[in-house]
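A quick write-up on the structure given underneath.
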Amino acid sequence: MLAEPAVVDSLRARLIAVSTAPTAADSELAPPPDWPTPLDRAALYGMAGEIVGALLPHTEGDEAGLLLTLLAGVGNIVGPDVYWQVSGRKHGLRVWPVLIGATSKGRKGTTWGTIRPVLQRAHPDWMTACVNGGLSSGEGVIWAIRDRITKTVEGVEVEIDAGVADKRLFLIEEEFSGTLKIANREGNSLSAILRKAYDGDTLAALTKNSPARATDPHVTIVGHTSAEELRRHLDDTQIASGLGNRLTLVCVRRSKLLPDGGEFDPDLVNHLGDRLRAALTVATNATLLIRRDEEASTLWRRIYGQLSEGGVGLIGALTSRAEAQVMRYAAIYAVLDGLAVIRAAHLRAAVAIWDHAEASARYVFGDRLGDPTADAILQALRGGSLTQTQISGLFDRNVAAVKLNRALGSLVEAGRVERCKLPSGETGGRPPVVWQMVTR
């Protein structure tokens with residue numbers, strides 16, 4: 001029986017539509033101006049690269065966001081007994097990426113939604129017991145992984161609370177700016193507790209009335225925020241206290257247009273999850289001290305000076321833990337290879353991540369120093385040189401001279417501005433002194 005002409009025309013139109021529909025490559029979006037350079041291919045090493053590569057065509061999420069979320073999850077899954085050590089101090093594989101993208105358009109949530117099924121397949125018990133969110137206080141973090149609580153009653157020790165045996169806690173903070181806002185509140189313990197959690201130190205409430213504490217904490221945070229929110233809430237206090245340099249700041253964006261959404265093949269997700277579980281079998285069932293092999297040690301000695309020398313201003317403060325961050329990521333790549341040894345390829349992958357993180361931090365914060373007074377002076381000097389009196393006038397003369405001088409001193413130290421004397425006028429006298437941007 002022949003089809004009706006109208007039906008044939010309809011089928012032909014649908015076939016034409018399918019044949020001319022954009023492929024994943026055609027639908028890729030160009031980055032905005034001055035966007036950080038793409039993640040170096042070295043970062044997509046091994047199984048992490050394979051998983052990200054298999055999932056990327058089916059999501060609008062960002063490649064770097066997928067990779068960092070996956071690595072953070074792996075680092076938490078293996079727990080506190082997998083570590084590298086320097087100067088007698090253990091460093092667990094805790095990495096805290098913060099994905100920075102446009103509100104609702106950066107596809108930050110899509111990133112977690114893409115990686116989650118693979119982690120779920122690999123370690124469903126971990127997903128059920130250890131994944132959480134909603135940071136509101138340091139006490140809340142402690143309570144989530146608290147030790148057994150006892151009380152002595154008439155000379156007898158009585159259990160008040162059984163505690164939590166699994167000290168792994170993986171926090172997805174989709175409103176990370178809210179976390180920073182809470183941490184900025186006077187008297188709130190969140191910032192102090194988070195710094196200790198990153199370092200793996202015992203957590204204890206600062207109030208006398210709370211008996212809760214957590215030994216061997218293994219806390220991982222994956223934050224989502226926008227550049228505007230991060231600039232507003234990651235203030236100089238948090239940077240000076242050391243919370244900021246424990247984060248891996250990574251710019252993410254919508255990678256492509258998929259009008260019909262991504263289609264994840266359940267068999268593919270199951271295959272990736274099963275491979276991930278197999279790769280982590282050794283790491284999740286043993287205590288492992290991760291070391292570098294000879295080639296990686298040679299490479300490490302070559303790059304260590306540059307990683308550890310630090311920088312000036314806000315970017316220098318935010319990236320001051322570069323060497324520790326790189327080693328944590330390198331160790332995660334090693335365990336994904338089923339090894340307790342960091343090889344040169346693992347180290348190169350970790351350096352590629354950190355290079356992208358530094359570029360992201362510069363994209364968000366530019367040449368800010370983190371001191372509001374210094375940053376305001378720098379902004380004003382972009383319009384031309386100013387005298388000390390004119391600089392004081394920027395603040396309606398409400399900023400003390402000592403604070404102005406400290407701000408100018410930090411700008412000089414950072415190589416951003418200089419103090420110079422202008423030629424004397426026709427009447428002679430003392431040459432006028434001005435401040436100006438360094439242009440050489």
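Labels used: A, B, ... for chains in the order of the structure tokens, numbers from 1 for residues in each chain, and numbers from 1 for ligands as shown.
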
**Prompt:** What's the 10 Å shell around A:Ala42, counting only C-alpha atoms, without same-chain residues fewer than 4 positions away, as a PyMOL selection string?
**Reply:** chain A and resi 46+49+345-353

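Proximity to stretch 98-100 of chain A at 7 Å, evaluated using only C-alpha atoms and with sequence-adjacent residues fewer than 4 positions away removed, yields A:Gly65, A:Lys108, A:Val222, A:Gly223, A:His224, A:Thr225, A:Ser226, A:Ala227, A:Leu247, A:Thr248, A:Leu249, A:Val250, A:Cys251, A:Val252.
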
Among A:Glu323, A:Asp34, A:Glu60, A:Asp81, A:Ala283 is approached most closely, using only C-alpha atoms, by A:Asp81

| task | Check stretch 88-172 of chain A with DSSP on the backbone and list each residue it calls strand (DSSP E or B), as an NGL selection string. | result | :A and (89-92 or 97-100 or 131-132 or 149-153 or 156-161 or 168-172)

Keeping N, CA and C atoms, export the residues of the selection given above as an mmCIF file, in the first residue's frame.
```
data_model
loop_
_atom_site.group_PDB
_atom_site.id
_atom_site.type_symbol
_atom_site.label_atom_id
_atom_site.label_comp_id
_atom_site.auth_asym_id
_atom_site.auth_seq_id
_atom_site.Cartn_x
_atom_site.Cartn_y
_atom_site.Cartn_z
ATOM 1 N N ARG A 89 54.254 15.241 57.317
ATOM 2 C CA ARG A 89 52.830 15.580 57.336
ATOM 3 C C ARG A 89 52.104 14.858 56.201
ATOM 4 N N LYS A 90 50.987 14.214 56.555
ATOM 5 C CA LYS A 90 50.181 13.513 55.569
ATOM 6 C C LYS A 90 49.299 14.484 54.791
ATOM 7 N N HIS A 91 49.217 14.259 53.504
ATOM 8 C CA HIS A 91 48.325 15.034 52.647
ATOM 9 C C HIS A 91 47.358 14.066 51.966
ATOM 10 N N GLY A 92 46.129 14.034 52.445
ATOM 11 C CA GLY A 92 45.119 13.224 51.792
ATOM 12 C C GLY A 92 44.747 13.819 50.450
ATOM 13 N N PRO A 97 37.681 21.954 44.065
ATOM 14 C CA PRO A 97 37.439 22.809 42.901
ATOM 15 C C PRO A 97 36.204 23.685 43.087
ATOM 16 N N VAL A 98 36.303 24.921 42.657
ATOM 17 C CA VAL A 98 35.160 25.834 42.620
ATOM 18 C C VAL A 98 34.945 26.217 41.163
ATOM 19 N N LEU A 99 33.802 25.811 40.625
ATOM 20 C CA LEU A 99 33.488 26.056 39.226
ATOM 21 C C LEU A 99 32.822 27.423 39.100
ATOM 22 N N ILE A 100 33.403 28.282 38.267
ATOM 23 C CA ILE A 100 32.967 29.673 38.155
ATOM 24 C C ILE A 100 32.348 29.875 36.780
ATOM 25 N N VAL A 131 27.725 11.761 50.255
ATOM 26 C CA VAL A 131 27.474 12.945 49.429
ATOM 27 C C VAL A 131 26.395 13.796 50.069
ATOM 28 N N ASN A 132 26.697 15.065 50.229
ATOM 29 C CA ASN A 132 25.780 15.957 50.936
ATOM 30 C C ASN A 132 25.962 17.363 50.388
ATOM 31 N N ILE A 149 30.359 9.692 70.787
ATOM 32 C CA ILE A 149 30.262 10.608 71.923
ATOM 33 C C ILE A 149 29.852 9.822 73.164
ATOM 34 N N THR A 150 30.622 9.991 74.228
ATOM 35 C CA THR A 150 30.312 9.311 75.491
ATOM 36 C C THR A 150 30.234 10.322 76.631
ATOM 37 N N LYS A 151 29.666 9.857 77.709
ATOM 38 C CA LYS A 151 29.533 10.696 78.894
ATOM 39 C C LYS A 151 29.688 9.811 80.122
ATOM 40 N N THR A 152 30.384 10.310 81.118
ATOM 41 C CA THR A 152 30.572 9.542 82.343
ATOM 42 C C THR A 152 29.423 9.829 83.312
ATOM 43 N N VAL A 153 28.702 8.784 83.668
ATOM 44 C CA VAL A 153 27.572 8.889 84.583
ATOM 45 C C VAL A 153 27.832 7.989 85.787
ATOM 46 N N VAL A 156 30.620 5.606 85.317
ATOM 47 C CA VAL A 156 30.494 4.658 84.206
ATOM 48 C C VAL A 156 30.397 5.420 82.895
ATOM 49 N N GLU A 157 31.181 4.994 81.898
ATOM 50 C CA GLU A 157 31.136 5.634 80.585
ATOM 51 C C GLU A 157 29.902 5.159 79.825
ATOM 52 N N VAL A 158 29.086 6.111 79.409
ATOM 53 C CA VAL A 158 27.845 5.799 78.715
ATOM 54 C C VAL A 158 27.896 6.415 77.323
ATOM 55 N N GLU A 159 27.497 5.647 76.321
ATOM 56 C CA GLU A 159 27.472 6.161 74.953
ATOM 57 C C GLU A 159 26.263 7.058 74.745
ATOM 58 N N ILE A 160 26.536 8.283 74.335
ATOM 59 C CA ILE A 160 25.462 9.235 74.042
ATOM 60 C C ILE A 160 25.081 9.182 72.571
ATOM 61 N N ASP A 161 26.099 8.997 71.717
ATOM 62 C CA ASP A 161 25.863 8.948 70.274
ATOM 63 C C ASP A 161 26.894 8.005 69.656
ATOM 64 N N ARG A 168 34.441 10.116 55.376
ATOM 65 C CA ARG A 168 34.404 10.786 54.078
ATOM 66 C C ARG A 168 33.145 11.640 53.979
ATOM 67 N N LEU A 169 33.328 12.858 53.496
ATOM 68 C CA LEU A 169 32.193 13.770 53.294
ATOM 69 C C LEU A 169 32.447 14.538 52.007
ATOM 70 N N PHE A 170 31.538 14.380 51.044
ATOM 71 C CA PHE A 170 31.666 15.031 49.741
ATOM 72 C C PHE A 170 30.524 16.034 49.613
ATOM 73 N N LEU A 171 30.864 17.304 49.592
ATOM 74 C CA LEU A 171 29.874 18.371 49.620
ATOM 75 C C LEU A 171 29.769 19.057 48.263
ATOM 76 N N ILE A 172 28.595 18.995 47.677
ATOM 77 C CA ILE A 172 28.304 19.745 46.453
ATOM 78 C C ILE A 172 27.604 21.032 46.869
#
```

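Proximity ranking of A:Thr202, A:Thr215, A:Thr69, A:Thr287 relative to A:Val164 places A:Thr215 first, based on only C-alpha atoms.
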
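For the choices A:Leu280, A:Ala359, A:Leu39, A:Leu93, the atom-to-atom distance to A:Ala330 is smallest for A:Leu93 when using only C-alpha atoms.
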
List as an MDAnalysis selection string the protein and nucleic acid residues near stretch 110-121 of chain A, meaning an atom at most 7 Å away when only C-alpha atoms are counted, but skip any in the same chain fewer than 2 places from it.
chainID A and resid 61:62 65:66 69:70 107:108 123:124 127 269:270 272:274

Just N, CA and C atoms for this one: save the residues we selected as a tab-separated table (two decimals), in the first residue's frame.
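Output file part-v9.tsv follows:
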```tsv
chain	number	residue	atom	x	y	z
A	61	GLY	N	27.79	20.68	29.63
A	61	GLY	CA	28.75	21.04	30.66
A	61	GLY	C	30.13	21.29	30.10
A	62	ASP	N	30.97	21.91	30.89
A	62	ASP	CA	32.32	22.30	30.50
A	62	ASP	C	33.30	21.14	30.75
A	65	GLY	N	35.20	21.49	33.96
A	65	GLY	CA	34.30	21.25	35.09
A	65	GLY	C	34.05	19.77	35.29
A	66	LEU	N	33.85	19.02	34.20
A	66	LEU	CA	33.65	17.58	34.30
A	66	LEU	C	34.87	16.91	34.91
A	69	THR	N	35.42	17.83	38.71
A	69	THR	CA	34.40	17.18	39.54
A	69	THR	C	34.70	15.70	39.69
A	70	LEU	N	35.09	15.05	38.61
A	70	LEU	CA	35.43	13.64	38.66
A	70	LEU	C	36.62	13.39	39.57
A	107	ARG	N	26.12	26.12	33.13
A	107	ARG	CA	25.91	24.68	33.17
A	107	ARG	C	26.76	24.01	34.24
A	108	LYS	N	26.89	24.70	35.40
A	108	LYS	CA	27.67	24.13	36.51
A	108	LYS	C	26.95	22.91	37.09
A	123	HIS	N	30.57	3.46	43.05
A	123	HIS	CA	30.52	3.32	44.50
A	123	HIS	C	29.18	3.80	45.03
A	124	PRO	N	28.14	2.99	44.87
A	124	PRO	CA	26.79	3.41	45.30
A	124	PRO	C	26.70	3.66	46.80
A	127	MET	N	27.98	7.11	47.50
A	127	MET	CA	27.02	8.11	47.05
A	127	MET	C	25.90	8.28	48.07
A	269	VAL	N	27.43	4.36	30.64
A	269	VAL	CA	27.61	4.81	32.02
A	269	VAL	C	28.00	3.63	32.91
A	270	ASN	N	27.34	2.50	32.75
A	270	ASN	CA	27.65	1.32	33.56
A	270	ASN	C	29.08	0.84	33.29
A	272	LEU	N	31.64	2.65	32.20
A	272	LEU	CA	32.60	3.60	32.79
A	272	LEU	C	32.65	3.45	34.31
A	273	GLY	N	31.50	3.30	34.93
A	273	GLY	CA	31.46	3.13	36.38
A	273	GLY	C	32.15	1.85	36.83
A	274	ASP	N	31.95	0.76	36.09
A	274	ASP	CA	32.58	-0.51	36.45
A	274	ASP	C	34.10	-0.42	36.31
```

I'd like the neighbourhood of A:Glu309 as a PDB file with C-alpha atoms, in the first residue's frame, where a residue qualifies if any of its atoms comes within 10 Å (using only C-alpha atoms), though same-chain residues fewer than 2 positions away should be ignored.
```pdb
ATOM      1  CA  TYR A 304      59.197  23.049  42.206  1.00  0.00           C
ATOM      2  CA  GLY A 305      60.871  26.441  42.336  1.00  0.00           C
ATOM      3  CA  GLN A 306      58.358  28.032  39.990  1.00  0.00           C
ATOM      4  CA  LEU A 307      55.402  26.448  41.782  1.00  0.00           C
ATOM      5  CA  GLY A 311      53.351  35.813  43.496  1.00  0.00           C
ATOM      6  CA  GLY A 316      49.701  35.406  44.509  1.00  0.00           C
ATOM      7  CA  SER A 320      50.199  30.217  47.174  1.00  0.00           C
ATOM      8  CA  ARG A 321      49.576  26.490  47.729  1.00  0.00           C
ATOM      9  CA  ALA A 322      50.414  25.572  44.148  1.00  0.00           C
ATOM     10  CA  GLU A 323      52.930  22.834  44.967  1.00  0.00           C
TER      11      GLU A 323
END
```

Quick one: DSSP alpha helix (DSSP H) residues in stretch 117-212 of chain A, as an MDAnalysis selection string? chainID A and resid 117:122 124:130 138:144 176:183 190:199

Could you save the residues just selected, with N, CA and C atoms, as an mmCIF file, in the first residue's frame?
```
data_model
loop_
_atom_site.group_PDB
_atom_site.id
_atom_site.type_symbol
_atom_site.label_atom_id
_atom_site.label_comp_id
_atom_site.auth_asym_id
_atom_site.auth_seq_id
_atom_site.Cartn_x
_atom_site.Cartn_y
_atom_site.Cartn_z
ATOM 1 N N PRO A 117 26.247 9.913 37.699
ATOM 2 C CA PRO A 117 25.872 8.526 37.421
ATOM 3 C C PRO A 117 27.074 7.567 37.378
ATOM 4 N N VAL A 118 28.211 8.050 36.901
ATOM 5 C CA VAL A 118 29.400 7.202 36.845
ATOM 6 C C VAL A 118 29.902 6.907 38.259
ATOM 7 N N LEU A 119 29.962 7.930 39.106
ATOM 8 C CA LEU A 119 30.382 7.724 40.497
ATOM 9 C C LEU A 119 29.374 6.852 41.242
ATOM 10 N N GLN A 120 28.098 7.044 40.944
ATOM 11 C CA GLN A 120 27.041 6.238 41.561
ATOM 12 C C GLN A 120 27.231 4.762 41.224
ATOM 13 N N ARG A 121 27.513 4.482 39.962
ATOM 14 C CA ARG A 121 27.724 3.100 39.538
ATOM 15 C C ARG A 121 28.976 2.515 40.183
ATOM 16 N N ALA A 122 30.026 3.326 40.266
ATOM 17 C CA ALA A 122 31.295 2.839 40.801
ATOM 18 C C ALA A 122 31.210 2.555 42.294
ATOM 19 N N PRO A 124 28.135 2.992 44.867
ATOM 20 C CA PRO A 124 26.793 3.412 45.302
ATOM 21 C C PRO A 124 26.704 3.664 46.803
ATOM 22 N N ASP A 125 27.427 2.899 47.620
ATOM 23 C CA ASP A 125 27.380 3.103 49.068
ATOM 24 C C ASP A 125 27.957 4.467 49.444
ATOM 25 N N TRP A 126 29.031 4.847 48.783
ATOM 26 C CA TRP A 126 29.623 6.172 49.018
ATOM 27 C C TRP A 126 28.644 7.265 48.634
ATOM 28 N N MET A 127 27.978 7.105 47.504
ATOM 29 C CA MET A 127 27.022 8.108 47.051
ATOM 30 C C MET A 127 25.897 8.284 48.066
ATOM 31 N N THR A 128 25.451 7.190 48.647
ATOM 32 C CA THR A 128 24.338 7.248 49.601
ATOM 33 C C THR A 128 24.765 7.847 50.936
ATOM 34 N N ALA A 129 25.945 7.457 51.409
ATOM 35 C CA ALA A 129 26.345 7.805 52.772
ATOM 36 C C ALA A 129 27.164 9.079 52.889
ATOM 37 N N CYS A 130 27.892 9.442 51.829
ATOM 38 C CA CYS A 130 28.910 10.487 51.976
ATOM 39 C C CYS A 130 28.641 11.770 51.201
ATOM 40 N N GLY A 138 30.484 25.395 60.911
ATOM 41 C CA GLY A 138 31.530 24.422 61.163
ATOM 42 C C GLY A 138 31.025 23.258 61.989
ATOM 43 N N GLU A 139 30.134 23.546 62.922
ATOM 44 C CA GLU A 139 29.565 22.485 63.754
ATOM 45 C C GLU A 139 28.794 21.477 62.910
ATOM 46 N N GLY A 140 28.158 21.960 61.845
ATOM 47 C CA GLY A 140 27.428 21.058 60.962
ATOM 48 C C GLY A 140 28.355 20.091 60.244
ATOM 49 N N VAL A 141 29.523 20.578 59.821
ATOM 50 C CA VAL A 141 30.513 19.706 59.186
ATOM 51 C C VAL A 141 30.973 18.639 60.174
ATOM 52 N N ILE A 142 31.291 19.059 61.388
ATOM 53 C CA ILE A 142 31.751 18.111 62.403
ATOM 54 C C ILE A 142 30.689 17.054 62.676
ATOM 55 N N TRP A 143 29.436 17.488 62.814
ATOM 56 C CA TRP A 143 28.368 16.553 63.163
ATOM 57 C C TRP A 143 28.165 15.508 62.072
ATOM 58 N N ALA A 144 28.410 15.873 60.825
ATOM 59 C CA ALA A 144 28.205 14.925 59.721
ATOM 60 C C ALA A 144 29.193 13.765 59.776
ATOM 61 N N PHE A 176 27.901 28.350 46.324
ATOM 62 C CA PHE A 176 29.109 28.492 47.130
ATOM 63 C C PHE A 176 29.291 29.899 47.667
ATOM 64 N N SER A 177 28.744 30.879 46.972
ATOM 65 C CA SER A 177 28.829 32.248 47.490
ATOM 66 C C SER A 177 28.134 32.351 48.834
ATOM 67 N N GLY A 178 27.063 31.574 49.026
ATOM 68 C CA GLY A 178 26.389 31.548 50.316
ATOM 69 C C GLY A 178 27.290 30.998 51.401
ATOM 70 N N THR A 179 28.095 29.993 51.057
ATOM 71 C CA THR A 179 29.064 29.448 52.004
ATOM 72 C C THR A 179 30.061 30.511 52.421
ATOM 73 N N LEU A 180 30.570 31.264 51.442
ATOM 74 C CA LEU A 180 31.519 32.333 51.755
ATOM 75 C C LEU A 180 30.871 33.423 52.586
ATOM 76 N N LYS A 181 29.621 33.719 52.287
ATOM 77 C CA LYS A 181 28.911 34.753 53.040
ATOM 78 C C LYS A 181 28.798 34.350 54.512
ATOM 79 N N ILE A 182 28.473 33.086 54.740
ATOM 80 C CA ILE A 182 28.371 32.592 56.120
ATOM 81 C C ILE A 182 29.735 32.623 56.793
ATOM 82 N N ALA A 183 30.762 32.189 56.058
ATOM 83 C CA ALA A 183 32.110 32.166 56.630
ATOM 84 C C ALA A 183 32.606 33.556 56.990
ATOM 85 N N LEU A 190 32.826 28.507 60.548
ATOM 86 C CA LEU A 190 32.901 27.722 59.324
ATOM 87 C C LEU A 190 34.266 27.818 58.647
ATOM 88 N N SER A 191 34.799 29.022 58.498
ATOM 89 C CA SER A 191 36.071 29.186 57.802
ATOM 90 C C SER A 191 37.183 28.426 58.510
ATOM 91 N N ALA A 192 37.262 28.564 59.824
ATOM 92 C CA ALA A 192 38.313 27.880 60.585
ATOM 93 C C ALA A 192 38.182 26.368 60.483
ATOM 94 N N ILE A 193 36.963 25.858 60.576
ATOM 95 C CA ILE A 193 36.742 24.415 60.494
ATOM 96 C C ILE A 193 37.084 23.897 59.100
ATOM 97 N N LEU A 194 36.718 24.644 58.062
ATOM 98 C CA LEU A 194 37.020 24.210 56.703
ATOM 99 C C LEU A 194 38.521 24.151 56.454
ATOM 100 N N ARG A 195 39.261 25.109 56.968
ATOM 101 C CA ARG A 195 40.713 25.085 56.782
ATOM 102 C C ARG A 195 41.318 23.844 57.419
ATOM 103 N N LYS A 196 40.848 23.502 58.602
ATOM 104 C CA LYS A 196 41.329 22.292 59.274
ATOM 105 C C LYS A 196 40.913 21.040 58.509
ATOM 106 N N ALA A 197 39.692 21.058 57.963
ATOM 107 C CA ALA A 197 39.209 19.899 57.212
ATOM 108 C C ALA A 197 40.055 19.666 55.967
ATOM 109 N N TYR A 198 40.422 20.717 55.277
ATOM 110 C CA TYR A 198 41.260 20.584 54.091
ATOM 111 C C TYR A 198 42.600 19.936 54.461
ATOM 112 N N ASP A 199 43.128 20.319 55.615
ATOM 113 C CA ASP A 199 44.427 19.812 56.053
ATOM 114 C C ASP A 199 44.339 18.426 56.689
#
```

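Residues within 7 Å of A:Ser360, counting only C-alpha atoms and excluding same-chain residues fewer than 2 positions away, are Pro36, Leu249, Val250, Cys251, His356, Ala357, Glu358, Arg362, Tyr363 and Val364 of chain A.
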
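Once A:Leu408 and its same-chain neighbours fewer than 4 positions away are set aside, Ala374, Leu404 and Val412 of chain A remain within 7 Å of it when counting only C-alpha atoms.
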
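What separates atom CA of A:Val86 from atom CA of A:Asp40 is a distance of 27.6 Å.
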
Across A:Leu29, A:Val74, A:Val82, A:Val434, the smallest distance to A:Glu418, with only C-alpha atoms counted, is shown by A:Val434

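When only C-alpha atoms are used to compute distances to A:Asp367, the closest of the residues A:Gly415, A:Gly383, A:Gly409, A:Gly101 turns out to be A:Gly415.
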
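The gap separating atom CA of A:Ala340 from atom CA of A:Ile290 is 4.8 Å, in Å to one decimal.
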
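In terms of minimum interatomic distance to A:Glu229, A:Ala102 ranks closest within A:Val399, A:Leu243, A:Ala165, A:Ala102, counting only C-alpha atoms.
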